[in-house]
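Raw contents of input01.txt, compact mmCIF, C-alpha atoms and all ligand atoms:
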# COMPACT_ATOMS: atom_id res chain seq x y z
CA MET W 1 28.79 51.25 -118.44
CA PRO W 2 25.07 52.20 -118.35
CA HIS W 3 23.66 53.96 -115.25
CA PRO W 4 24.29 51.63 -112.30
CA SER W 5 20.91 50.36 -111.14
CA ARG W 6 19.34 47.14 -109.87
CA GLU W 7 18.36 46.35 -113.48
CA THR W 8 21.90 46.95 -114.80
CA ALA W 9 23.20 44.66 -112.06
CA ARG W 10 20.81 41.90 -113.12
CA GLU W 11 21.87 42.27 -116.77
CA LEU W 12 25.52 42.02 -115.80
CA ASP W 13 24.77 38.93 -113.71
CA ARG W 14 22.98 37.28 -116.63
CA ALA W 15 26.05 37.83 -118.82
CA ASP W 16 28.55 36.74 -116.13
CA PRO W 17 30.50 33.64 -117.26
CA LEU W 18 31.44 32.90 -113.62
CA ALA W 19 27.89 33.12 -112.24
CA GLY W 20 27.67 29.32 -111.96
CA MET W 21 30.67 29.20 -109.59
CA ARG W 22 28.56 30.51 -106.71
CA GLY W 23 26.98 27.06 -106.46
CA ARG W 24 30.40 25.71 -105.42
CA PHE W 25 30.14 27.62 -102.13
CA ALA W 26 27.84 26.96 -99.17
CA LEU W 27 26.70 30.51 -98.50
CA PRO W 28 23.65 31.11 -96.28
CA ASP W 29 20.61 32.16 -98.31
CA GLY W 30 20.12 35.89 -98.61
CA LEU W 31 23.52 36.80 -97.16
CA VAL W 32 25.72 39.27 -99.05
CA TYR W 33 29.22 38.26 -98.03
CA LEU W 34 31.80 40.94 -98.72
CA ASP W 35 34.47 39.84 -96.27
CA ALA W 36 36.49 37.54 -98.54
CA ASN W 37 39.60 39.43 -97.47
CA SER W 38 39.13 38.25 -93.87
CA LEU W 39 37.69 34.74 -94.16
CA GLY W 40 36.57 33.15 -97.42
CA ALA W 41 33.27 31.27 -97.77
CA LEU W 42 33.05 27.51 -97.33
CA SER W 43 33.67 25.56 -100.52
CA THR W 44 31.11 22.76 -100.93
CA GLY W 45 33.78 20.10 -101.44
CA VAL W 46 35.47 20.78 -98.10
CA PRO W 47 33.19 19.05 -95.55
CA ALA W 48 33.33 15.66 -97.31
CA ALA W 49 37.11 15.94 -97.77
CA VAL W 50 37.66 16.69 -94.08
CA HIS W 51 35.25 13.93 -93.07
CA ARG W 52 37.17 11.45 -95.26
CA ALA W 53 40.49 12.60 -93.84
CA VAL W 54 39.27 12.07 -90.28
CA VAL W 55 37.24 8.89 -90.66
CA GLU W 56 39.06 7.01 -93.42
CA ASN W 57 42.64 8.25 -93.32
CA TRP W 58 43.23 8.99 -89.67
CA GLY W 59 40.56 6.61 -88.31
CA GLN W 60 41.49 3.59 -90.40
CA HIS W 61 45.08 4.02 -91.48
CA LEU W 62 46.50 5.64 -88.36
CA ILE W 63 50.27 6.15 -88.53
CA LYS W 64 50.34 4.90 -92.13
CA ILE W 65 48.69 8.14 -93.28
CA TRP W 66 52.18 9.68 -93.51
CA THR W 67 53.55 7.03 -95.85
CA ASP W 68 50.76 5.01 -97.48
CA ASP W 69 48.32 7.92 -97.79
CA GLY W 70 51.09 10.28 -98.89
CA TRP W 71 50.48 12.86 -96.20
CA TRP W 72 54.17 13.50 -95.57
CA ASP W 73 54.54 15.19 -98.96
CA MET W 74 51.27 17.13 -98.80
CA PRO W 75 52.97 20.45 -97.89
CA GLN W 76 54.83 20.38 -101.21
CA ARG W 77 51.94 18.97 -103.25
CA VAL W 78 49.42 21.50 -101.94
CA GLY W 79 52.21 24.07 -102.26
CA ASP W 80 52.45 23.39 -105.99
CA ARG W 81 48.69 23.89 -106.35
CA VAL W 82 48.97 27.26 -104.61
CA GLY W 83 52.15 28.00 -106.58
CA ARG W 84 50.22 27.75 -109.85
CA LEU W 85 48.09 30.67 -108.63
CA LEU W 86 51.24 32.60 -107.76
CA GLY W 87 52.73 32.22 -111.23
CA ALA W 88 55.35 29.91 -109.77
CA ALA W 89 56.80 26.82 -111.44
CA SER W 90 56.52 23.70 -109.31
CA GLY W 91 58.88 23.00 -106.43
CA GLN W 92 59.04 26.57 -105.12
CA THR W 93 56.01 26.78 -102.81
CA VAL W 94 55.31 24.93 -99.60
CA VAL W 95 52.26 25.08 -97.34
CA GLY W 96 52.42 24.50 -93.61
CA ASP W 97 52.84 27.21 -91.01
CA SER W 98 51.11 30.53 -90.47
CA THR W 99 51.97 33.51 -92.64
CA SER W 100 53.62 35.06 -89.59
CA VAL W 101 55.92 32.08 -89.03
CA HIS W 102 56.85 31.85 -92.70
CA LEU W 103 57.49 35.58 -92.80
CA PHE W 104 59.82 35.47 -89.82
CA ASN W 105 61.72 32.66 -91.50
CA VAL W 106 62.10 34.28 -94.89
CA LEU W 107 62.86 37.78 -93.60
CA THR W 108 65.68 36.31 -91.55
CA ALA W 109 66.85 34.05 -94.38
CA ALA W 110 66.72 37.00 -96.82
CA ALA W 111 68.74 39.23 -94.49
CA ARG W 112 71.28 36.43 -94.00
CA LEU W 113 71.65 36.23 -97.79
CA ARG W 114 72.71 39.88 -97.70
CA SER W 115 74.80 39.92 -94.53
CA GLY W 116 76.86 43.08 -94.19
CA ARG W 117 73.91 45.25 -95.25
CA GLN W 118 72.03 47.13 -92.53
CA LEU W 119 68.47 47.95 -93.57
CA ILE W 120 65.10 46.25 -93.86
CA LEU W 121 62.61 48.48 -95.70
CA THR W 122 58.95 47.80 -94.90
CA GLU W 123 55.79 49.51 -96.12
CA GLU W 124 54.40 52.27 -93.97
CA GLY W 125 50.89 51.27 -92.86
CA GLY W 126 51.45 47.60 -93.63
CA PHE W 127 49.84 44.73 -91.74
CA PRO W 128 50.86 44.89 -88.04
CA THR W 129 52.31 41.36 -87.80
CA ASN W 130 54.71 42.24 -90.62
CA HIS W 131 56.03 45.25 -88.67
CA TYR W 132 56.39 43.24 -85.47
CA LEU W 133 58.29 40.50 -87.27
CA ALA W 134 60.55 42.85 -89.22
CA ALA W 135 61.43 44.57 -85.93
CA SER W 136 62.14 41.21 -84.28
CA VAL W 137 64.36 40.10 -87.17
CA ALA W 138 66.19 43.42 -86.95
CA ARG W 139 66.75 42.96 -83.19
CA THR W 140 67.99 39.41 -83.74
CA LEU W 141 70.42 40.30 -86.53
CA GLY W 142 71.40 43.81 -85.44
CA LEU W 143 69.68 45.54 -88.36
CA GLU W 144 67.50 48.63 -88.68
CA VAL W 145 63.94 48.81 -90.03
CA ARG W 146 62.79 51.83 -92.02
CA ARG W 147 59.11 52.30 -92.85
CA ILE W 148 58.61 53.78 -96.31
CA PRO W 149 55.35 54.94 -97.95
CA MET W 150 54.76 52.52 -100.82
CA PRO W 151 54.61 55.16 -103.59
CA LYS W 152 58.17 56.10 -102.59
CA MET W 153 59.51 52.57 -102.06
CA ALA W 154 61.32 52.13 -105.39
CA ALA W 155 62.99 55.55 -105.09
CA ALA W 156 63.91 54.92 -101.44
CA VAL W 157 65.65 51.64 -102.32
CA ARG W 158 67.65 53.39 -105.02
CA THR W 159 68.65 56.24 -102.69
CA LEU W 160 69.65 53.96 -99.81
CA GLY W 161 71.47 51.67 -102.25
CA GLU W 162 73.80 49.02 -100.93
CA ARG W 163 72.75 49.55 -97.33
CA VAL W 164 69.43 47.82 -98.08
CA ALA W 165 69.34 44.09 -97.35
CA VAL W 166 65.61 43.39 -97.71
CA VAL W 167 62.57 45.16 -99.13
CA THR W 168 59.26 43.78 -97.88
CA ALA W 169 55.63 44.78 -98.49
CA GLY W 170 52.14 43.50 -99.18
CA VAL W 171 51.09 43.18 -102.82
CA VAL W 172 47.68 44.67 -101.90
CA ASP W 173 47.33 47.16 -99.05
CA PHE W 174 45.09 45.43 -96.49
CA ARG W 175 43.38 48.69 -95.51
CA THR W 176 42.92 50.55 -98.77
CA GLY W 177 42.93 47.70 -101.30
CA GLU W 178 45.62 49.45 -103.36
CA LEU W 179 47.61 47.13 -105.61
CA TRP W 180 51.35 47.81 -105.87
CA ASP W 181 53.70 47.25 -108.77
CA VAL W 182 55.48 44.03 -107.74
CA SER W 183 57.63 43.93 -110.83
CA ALA W 184 58.92 47.54 -110.56
CA ILE W 185 59.63 47.41 -106.82
CA THR W 186 61.33 44.01 -107.10
CA LYS W 187 63.47 45.37 -109.91
CA ALA W 188 64.43 48.42 -107.84
CA ALA W 189 65.43 46.08 -104.99
CA HIS W 190 67.49 43.90 -107.33
CA ASP W 191 69.19 46.90 -108.97
CA THR W 192 70.80 47.63 -105.60
CA GLY W 193 71.40 43.95 -104.79
CA ALA W 194 68.60 43.72 -102.17
CA ILE W 195 66.15 40.84 -101.70
CA ALA W 196 62.40 41.33 -102.28
CA VAL W 197 59.96 39.61 -99.91
CA TRP W 198 56.25 40.02 -100.75
CA ASP W 199 53.15 39.31 -98.67
CA VAL W 200 50.45 38.04 -101.04
CA CYS W 201 47.70 37.48 -98.41
CA HIS W 202 45.28 39.92 -100.05
CA ALA W 203 46.16 39.01 -103.62
CA VAL W 204 46.33 35.21 -103.88
CA GLY W 205 43.17 33.81 -105.46
CA ALA W 206 41.93 37.32 -106.23
CA LEU W 207 44.28 38.33 -109.04
CA GLN W 208 46.98 36.91 -111.27
CA LEU W 209 50.35 36.87 -109.62
CA THR W 210 53.50 36.37 -111.69
CA LEU W 211 56.16 35.78 -109.07
CA ASP W 212 58.53 33.83 -111.34
CA ALA W 213 58.23 36.34 -114.19
CA ASP W 214 58.72 39.24 -111.76
CA SER W 215 61.86 37.56 -110.33
CA VAL W 216 60.47 37.82 -106.80
CA ASP W 217 62.83 36.28 -104.26
CA PHE W 218 60.41 35.22 -101.51
CA ALA W 219 56.69 35.52 -100.85
CA VAL W 220 54.38 34.47 -98.04
CA GLY W 221 50.62 34.33 -97.83
CA CYS W 222 47.60 32.89 -96.13
CA SER W 223 44.94 30.62 -97.53
CA TYR W 224 41.88 31.53 -95.45
CA LYS W 225 40.94 34.69 -97.36
CA PHE W 226 40.24 34.49 -101.12
CA LEU W 227 41.38 30.85 -101.30
CA SER W 228 38.68 29.79 -98.81
CA GLY W 229 40.95 27.32 -97.03
CA GLY W 230 39.03 27.75 -93.75
CA PRO W 231 39.61 29.45 -90.38
CA GLY W 232 43.28 29.16 -89.41
CA ALA W 233 44.12 27.39 -92.68
CA PRO W 234 47.86 27.05 -93.17
CA GLY W 235 49.90 29.75 -94.81
CA PHE W 236 52.48 29.17 -97.52
CA VAL W 237 55.90 30.34 -98.56
CA TYR W 238 57.39 30.79 -102.03
CA ALA W 239 61.14 30.80 -102.50
CA ALA W 240 62.68 31.27 -105.94
CA ARG W 241 64.64 28.18 -106.91
CA ARG W 242 67.88 30.16 -107.34
CA HIS W 243 67.99 30.71 -103.55
CA HIS W 244 67.18 27.20 -102.36
CA ASP W 245 70.71 26.01 -101.69
CA ASP W 246 71.60 29.13 -99.71
CA ILE W 247 68.54 29.54 -97.50
CA ASP W 248 69.45 29.51 -93.81
CA GLN W 249 66.10 29.43 -92.05
CA PRO W 250 66.08 30.38 -88.34
CA LEU W 251 63.24 28.03 -87.31
CA CYS W 252 64.80 24.84 -88.57
CA GLY W 253 62.71 21.91 -87.45
CA TRP W 254 62.79 18.23 -88.27
CA HIS W 255 60.33 18.45 -91.20
CA GLY W 256 62.89 20.58 -93.04
CA HIS W 257 65.73 18.14 -92.36
CA ALA W 258 67.36 16.24 -95.24
CA GLU W 259 66.75 12.92 -93.47
CA PRO W 260 63.91 13.56 -91.03
CA PHE W 261 63.52 9.93 -89.94
CA GLU W 262 67.19 9.42 -89.09
CA MET W 263 66.58 11.60 -86.04
CA ALA W 264 70.06 13.09 -86.34
CA ALA W 265 71.22 15.32 -83.50
CA ASP W 266 72.46 17.99 -85.91
CA TYR W 267 70.50 19.91 -88.52
CA ALA W 268 71.14 19.31 -92.20
CA PRO W 269 68.65 21.09 -94.42
CA ALA W 270 66.66 19.26 -97.08
CA THR W 271 67.30 20.19 -100.68
CA GLY W 272 64.69 22.23 -102.52
CA ILE W 273 61.63 23.93 -101.12
CA GLY W 274 61.30 21.20 -98.46
CA ARG W 275 63.89 23.01 -96.35
CA LEU W 276 61.33 25.73 -95.66
CA ARG W 277 59.20 23.27 -93.71
CA VAL W 278 59.44 23.46 -89.93
CA GLY W 279 57.45 20.99 -87.81
CA SER W 280 54.28 18.88 -88.02
CA PRO W 281 51.67 20.84 -89.97
CA ASN W 282 47.96 20.90 -89.15
CA MET W 283 46.94 18.22 -91.64
CA LEU W 284 43.16 18.51 -91.29
CA SER W 285 43.38 22.18 -92.19
CA MET W 286 45.76 21.41 -95.02
CA LEU W 287 43.34 18.84 -96.44
CA ALA W 288 40.48 21.34 -96.18
CA LEU W 289 42.59 23.79 -98.16
CA ASN W 290 43.46 21.10 -100.69
CA ALA W 291 39.75 20.48 -101.30
CA ALA W 292 39.00 24.22 -101.50
CA LEU W 293 41.65 24.56 -104.22
CA ASP W 294 39.66 22.21 -106.51
CA VAL W 295 37.57 25.21 -107.54
CA TYR W 296 40.66 26.74 -109.17
CA ASP W 297 41.14 23.67 -111.38
CA ASP W 298 37.96 24.63 -113.22
CA VAL W 299 38.43 28.35 -113.66
CA ASP W 300 41.11 30.59 -115.04
CA MET W 301 42.71 33.34 -112.90
CA THR W 302 42.34 35.73 -115.86
CA ALA W 303 38.56 35.31 -115.76
CA ILE W 304 38.53 35.79 -111.98
CA ARG W 305 40.56 38.98 -112.25
CA GLN W 306 38.48 40.32 -115.16
CA LYS W 307 35.30 39.89 -113.16
CA SER W 308 36.89 41.36 -110.04
CA VAL W 309 37.92 44.49 -111.96
CA ALA W 310 34.42 44.78 -113.44
CA LEU W 311 32.76 44.30 -110.01
CA GLY W 312 35.03 47.03 -108.66
CA GLU W 313 34.14 49.36 -111.51
CA PHE W 314 30.43 48.73 -110.95
CA PHE W 315 30.95 49.34 -107.21
CA VAL W 316 32.74 52.66 -107.81
CA GLU W 317 30.15 53.85 -110.35
CA SER W 318 27.29 52.88 -108.03
CA ILE W 319 28.96 54.79 -105.19
CA ASP W 320 29.32 57.86 -107.44
CA ALA W 321 25.74 57.62 -108.63
CA HIS W 322 23.98 56.84 -105.35
CA LEU W 323 26.10 57.92 -102.39
CA ALA W 324 27.16 61.43 -103.43
CA GLY W 325 26.75 63.97 -100.62
CA LEU W 326 26.22 61.30 -97.92
CA GLY W 327 29.68 61.56 -96.33
CA PHE W 328 31.37 58.58 -98.04
CA LYS W 329 34.86 58.96 -99.45
CA LEU W 330 36.44 56.35 -101.70
CA VAL W 331 39.83 55.35 -100.25
CA THR W 332 40.70 52.71 -102.88
CA PRO W 333 42.12 53.92 -106.20
CA ARG W 334 39.49 54.42 -108.92
CA GLU W 335 41.54 52.70 -111.64
CA GLY W 336 40.93 48.96 -111.84
CA CYS W 337 44.60 48.21 -112.50
CA ARG W 338 45.54 49.82 -109.15
CA ARG W 339 43.02 47.85 -107.05
CA GLY W 340 42.99 44.42 -105.47
CA SER W 341 39.57 42.81 -105.02
CA GLN W 342 38.48 45.31 -102.42
CA ILE W 343 36.77 48.66 -102.00
CA THR W 344 37.40 50.74 -98.89
CA LEU W 345 35.25 53.72 -98.00
CA HIS W 346 35.85 56.34 -95.36
CA HIS W 347 32.81 57.59 -93.43
CA PRO W 348 32.81 59.46 -90.09
CA ASP W 349 29.95 57.21 -88.94
CA ALA W 350 31.44 53.95 -90.23
CA GLU W 351 30.73 51.91 -87.11
CA ARG W 352 27.00 52.68 -87.08
CA ILE W 353 26.75 52.08 -90.83
CA MET W 354 28.42 48.67 -90.60
CA ARG W 355 26.08 47.64 -87.78
CA ALA W 356 23.10 48.69 -89.93
CA LEU W 357 24.47 46.75 -92.93
CA ASN W 358 24.89 43.65 -90.77
CA LYS W 359 21.23 43.91 -89.72
CA ARG W 360 20.32 43.86 -93.42
CA GLY W 361 22.29 40.66 -94.02
CA ILE W 362 25.37 42.35 -95.50
CA VAL W 363 28.77 41.39 -94.11
CA GLY W 364 31.70 43.72 -94.64
CA ASP W 365 34.59 44.62 -92.40
CA LEU W 366 35.00 47.63 -90.13
CA ARG W 367 38.42 49.16 -89.52
CA PRO W 368 37.73 51.57 -86.67
CA PRO W 369 37.22 54.36 -86.45
CA SER W 370 36.14 55.26 -89.96
CA LEU W 371 36.91 52.66 -92.63
CA LEU W 372 34.39 50.30 -94.25
CA ARG W 373 36.15 47.51 -96.12
CA PHE W 374 34.46 45.28 -98.70
CA GLY W 375 36.36 42.31 -100.18
CA TYR W 376 34.56 40.65 -103.10
CA ASN W 377 35.39 37.21 -104.40
CA SER W 378 34.49 36.91 -108.10
CA LEU W 379 33.62 33.25 -107.54
CA TYR W 380 30.61 33.97 -105.35
CA ILE W 381 29.80 37.68 -105.50
CA SER W 382 27.37 39.06 -108.06
CA TYR W 383 26.78 42.55 -109.43
CA SER W 384 23.41 42.43 -107.63
CA ASP W 385 25.27 41.85 -104.33
CA ILE W 386 27.36 44.95 -105.01
CA PHE W 387 24.28 46.98 -105.81
CA SER W 388 22.61 45.74 -102.61
CA VAL W 389 25.43 47.01 -100.43
CA VAL W 390 25.44 50.44 -102.11
CA GLU W 391 21.65 50.69 -101.83
CA ALA W 392 21.81 49.68 -98.17
CA MET W 393 24.53 52.27 -97.47
CA ARG W 394 22.34 54.95 -99.06
CA LEU W 395 19.47 54.00 -96.75
CA CYS W 396 21.68 53.78 -93.64
CA ALA W 397 23.84 56.91 -94.04
C1 LIG W 401 48.46 41.11 -95.05
C2 LIG W 401 48.57 40.13 -93.93
N1 LIG W 401 49.79 39.68 -93.58
C3 LIG W 401 49.96 38.80 -92.57
C4 LIG W 401 48.87 38.32 -91.87
C5 LIG W 401 49.11 37.37 -90.73
O1 LIG W 401 48.67 36.12 -91.03
P1 LIG W 401 48.62 34.95 -89.90
O2 LIG W 401 47.80 35.49 -88.77
O3 LIG W 401 47.90 33.84 -90.60
O4 LIG W 401 49.99 34.64 -89.51
C6 LIG W 401 47.58 38.74 -92.21
C7 LIG W 401 46.40 38.27 -91.46
O5 LIG W 401 45.28 38.65 -91.68
C8 LIG W 401 47.43 39.68 -93.28
O6 LIG W 401 46.24 40.15 -93.62

For this file, write the structure as structure tokens.
Amino acid sequence: MPHPSRETARELDRADPLAGMRGRFALPDGLVYLDANSLGALSTGVPAAVHRAVVENWGQHLIKIWTDDGWWDMPQRVGDRVGRLLGAASGQTVVGDSTSVHLFNVLTAAARLRSGRQLILTEEGGFPTNHYLAASVARTLGLEVRRIPMPKMAAAVRTLGERVAVVTAGVVDFRTGELWDVSAITKAAHDTGAIAVWDVCHAVGALQLTLDADSVDFAVGCSYKFLSGGPGAPGFVYAARRHHDDIDQPLCGWHGHAEPFEMAADYAPATGIGRLRVGSPNMLSMLALNAALDVYDDVDMTAIRQKSVALGEFFVESIDAHLAGLGFKLVTPREGCRRGSQITLHHPDAERIMRALNKRGIVGDLRPPSLLRFGYNSLYISYSDIFSVVEAMRLCA
């Protein structure tokens, strides 16, 4: 790549096949939005879809929305649209509750599939909710949680062998942006008979996932980051078809019942992915997500990932060229194949720098005390945006 400069950035933007996608998002003029890994930008199709759902569906059709408007099956239909981005064949993904709720359900269900085994292995440094939930599942089922550094996870599973019931981790480290080898760790889990549960929150919509091909057992994720589903948009759960008949989900509500409208006093799980539903989902949020997913009908995940890797490379080279000696340290791996769609920098004065960036119309994310996190969505971030943040950091440091 030529020397990273404003001019190089413009040239790269001119050659960018995804440049036109930015028009599908309602971003404020002049804002550089590098917080896609917290809350994605508003997709232009969402407001009209939500308006229609409120005024036409709810307002006019009332209770018939569930049957005549097909809302009852939306969790599975939207699930299949998300599933395509996960590398999942249809009928294995359902949308509805928060990531946390889905994670509690599948961690418990996974451990129940391996009853008699004692350990849940989680990633050291993983997202807090995942630790809290793993600990709660362990208390409920009388298991033990061990936190393992991700580079040692595959070896740890092999060493601990048949004591391991479940291995669970995020595909992309939420702090550092490091991308882990889903296939290798899942295989290590399977070699000892354990179940692999992945959190794809920081990967879905940002890179190609191949859950079916990797033989992943379960995965959970949220839709308000790279997928731009909106604040509090529903999470989703993937369960490999081979497990469906055996899943015993702890939060078993009427939406997951085989005959929900019979109002039976006893629980009988639905067949298929429908048994991972719980109760009434937030439909307005689900319809916002459904509209946001339209963008992915018109673009290939390979192209999104290619651009994300190239944006990351340009980011790293610009940091090397313009921030040397100013106290910044790259936390994210340098190799594109080991990164999600995120760059994290360490700086002793991170808080002041982020405030200064915000004043210049650049939004990133601060992880106190010293981490600056930048999540870039290939669909609306340009090389010029990346150069702007590096230039601004040089001026602020
Ligand atoms: C990696 C990861 N896992 C789990 C969660 C929890 O998601 P929720 O709050 O939607 O349950 C988050 C939230 O940001 C996350 O980043």

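With CA of Gly40 (chain W) on one side and CA of Ser285 (chain W) on the other, the separation reads 13.9 Å.
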
**OP:** Might you pull out every residue within 12 Å of Ile65 (chain W), with only C-alpha atoms counted and same-chain residues fewer than 4 positions away left off, and present them as a PyMOL selection string?
**Re:** chain W and resi 53-61+69-74+283-284

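For the choices W:Asp297, W:Asp181, W:Asp365, W:Asp80, the atom-to-atom distance to Ala239 (chain W) is smallest for W:Asp80 when using all atoms listed in the file.
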
Closest contacts (chain W/ligand LIG 401 (chain W), max 9 Å, all atoms listed in the file) as a tab-separated table:
residue	atom	partner	partner_atom	distance
W:Asn37	CA	W:LIG401	O6	7.7
W:Ser38	CA	W:LIG401	O5	6.5
W:Leu39	CA	W:LIG401	O5	8.9
W:Asp97	CA	W:LIG401	O4	8.1
W:Ser98	CA	W:LIG401	O4	4.4
W:Thr99	CA	W:LIG401	O4	3.9
W:Ser100	CA	W:LIG401	O4	3.7
W:Val101	CA	W:LIG401	O4	6.5
W:His102	CA	W:LIG401	O4	8.1
W:Leu103	CA	W:LIG401	C3	8.2
W:Gly126	CA	W:LIG401	C1	7.3
W:Phe127	CA	W:LIG401	C1	5.1
W:Pro128	CA	W:LIG401	C3	7.6
W:Thr129	CA	W:LIG401	C5	5.9
W:Asn130	CA	W:LIG401	C3	6.2
W:Ala169	CA	W:LIG401	C1	8.8
W:Gly170	CA	W:LIG401	C1	6.0
W:Val171	CA	W:LIG401	C1	8.5
W:Val172	CA	W:LIG401	C1	7.8
W:Asp173	CA	W:LIG401	C1	7.3
W:Phe174	CA	W:LIG401	C1	5.7
W:Asp199	CA	W:LIG401	N1	6.1
W:Val200	CA	W:LIG401	C1	7.0
W:Cys201	CA	W:LIG401	C1	5.0
W:His202	CA	W:LIG401	C1	6.0
W:Val220	CA	W:LIG401	N1	8.3
W:Gly221	CA	W:LIG401	N1	6.9
W:Cys222	CA	W:LIG401	O3	5.6
W:Ser223	CA	W:LIG401	O3	8.2
W:Tyr224	CA	W:LIG401	O3	8.1
W:Lys225	CA	W:LIG401	O5	8.2
W:Gly232	CA	W:LIG401	O3	6.7
W:Ala233	CA	W:LIG401	O3	7.8
W:Pro234	CA	W:LIG401	O3	7.3
W:Gly235	CA	W:LIG401	O3	6.2

Convert the current residue selection to file output with C-alpha atoms, as a CSV table (one decimal), in the coordinates of the input.
chain,number,residue,atom,x,y,z
W,37,ASN,CA,39.6,39.4,-97.5
W,38,SER,CA,39.1,38.2,-93.9
W,39,LEU,CA,37.7,34.7,-94.2
W,97,ASP,CA,52.8,27.2,-91.0
W,98,SER,CA,51.1,30.5,-90.5
W,99,THR,CA,52.0,33.5,-92.6
W,100,SER,CA,53.6,35.1,-89.6
W,101,VAL,CA,55.9,32.1,-89.0
W,102,HIS,CA,56.8,31.8,-92.7
W,103,LEU,CA,57.5,35.6,-92.8
W,126,GLY,CA,51.4,47.6,-93.6
W,127,PHE,CA,49.8,44.7,-91.7
W,128,PRO,CA,50.9,44.9,-88.0
W,129,THR,CA,52.3,41.4,-87.8
W,130,ASN,CA,54.7,42.2,-90.6
W,169,ALA,CA,55.6,44.8,-98.5
W,170,GLY,CA,52.1,43.5,-99.2
W,171,VAL,CA,51.1,43.2,-102.8
W,172,VAL,CA,47.7,44.7,-101.9
W,173,ASP,CA,47.3,47.2,-99.0
W,174,PHE,CA,45.1,45.4,-96.5
W,199,ASP,CA,53.2,39.3,-98.7
W,200,VAL,CA,50.4,38.0,-101.0
W,201,CYS,CA,47.7,37.5,-98.4
W,202,HIS,CA,45.3,39.9,-100.0
W,220,VAL,CA,54.4,34.5,-98.0
W,221,GLY,CA,50.6,34.3,-97.8
W,222,CYS,CA,47.6,32.9,-96.1
W,223,SER,CA,44.9,30.6,-97.5
W,224,TYR,CA,41.9,31.5,-95.4
W,225,LYS,CA,40.9,34.7,-97.4
W,232,GLY,CA,43.3,29.2,-89.4
W,233,ALA,CA,44.1,27.4,-92.7
W,234,PRO,CA,47.9,27.0,-93.2
W,235,GLY,CA,49.9,29.8,-94.8

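For the point (52.7, 22.1, -94.7), the residues with at least one atom inside 8 Å, counting all atoms listed in the file, are Met74, Pro75, Gln76, Val78, Gly79, Val94, Val95, Gly96, Asp97, Pro234, Phe236, Arg277, Ser280, Pro281, Asn282, Met283 and Met286 of chain W.
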
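Residues lying within 9 Å of Ala49 (chain W), counting all atoms listed in the file and ignoring same-chain neighbours fewer than 6 positions away, are Leu287, Ala288, Asn290 and Ala291 of chain W.
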
Subject >> Polymer residues at most 9 Å from Met150 (chain W), all atoms listed in the file, same-chain spacing of 5 or more positions, as number ranges by chain >> reply: W: 122-125, 169, 180
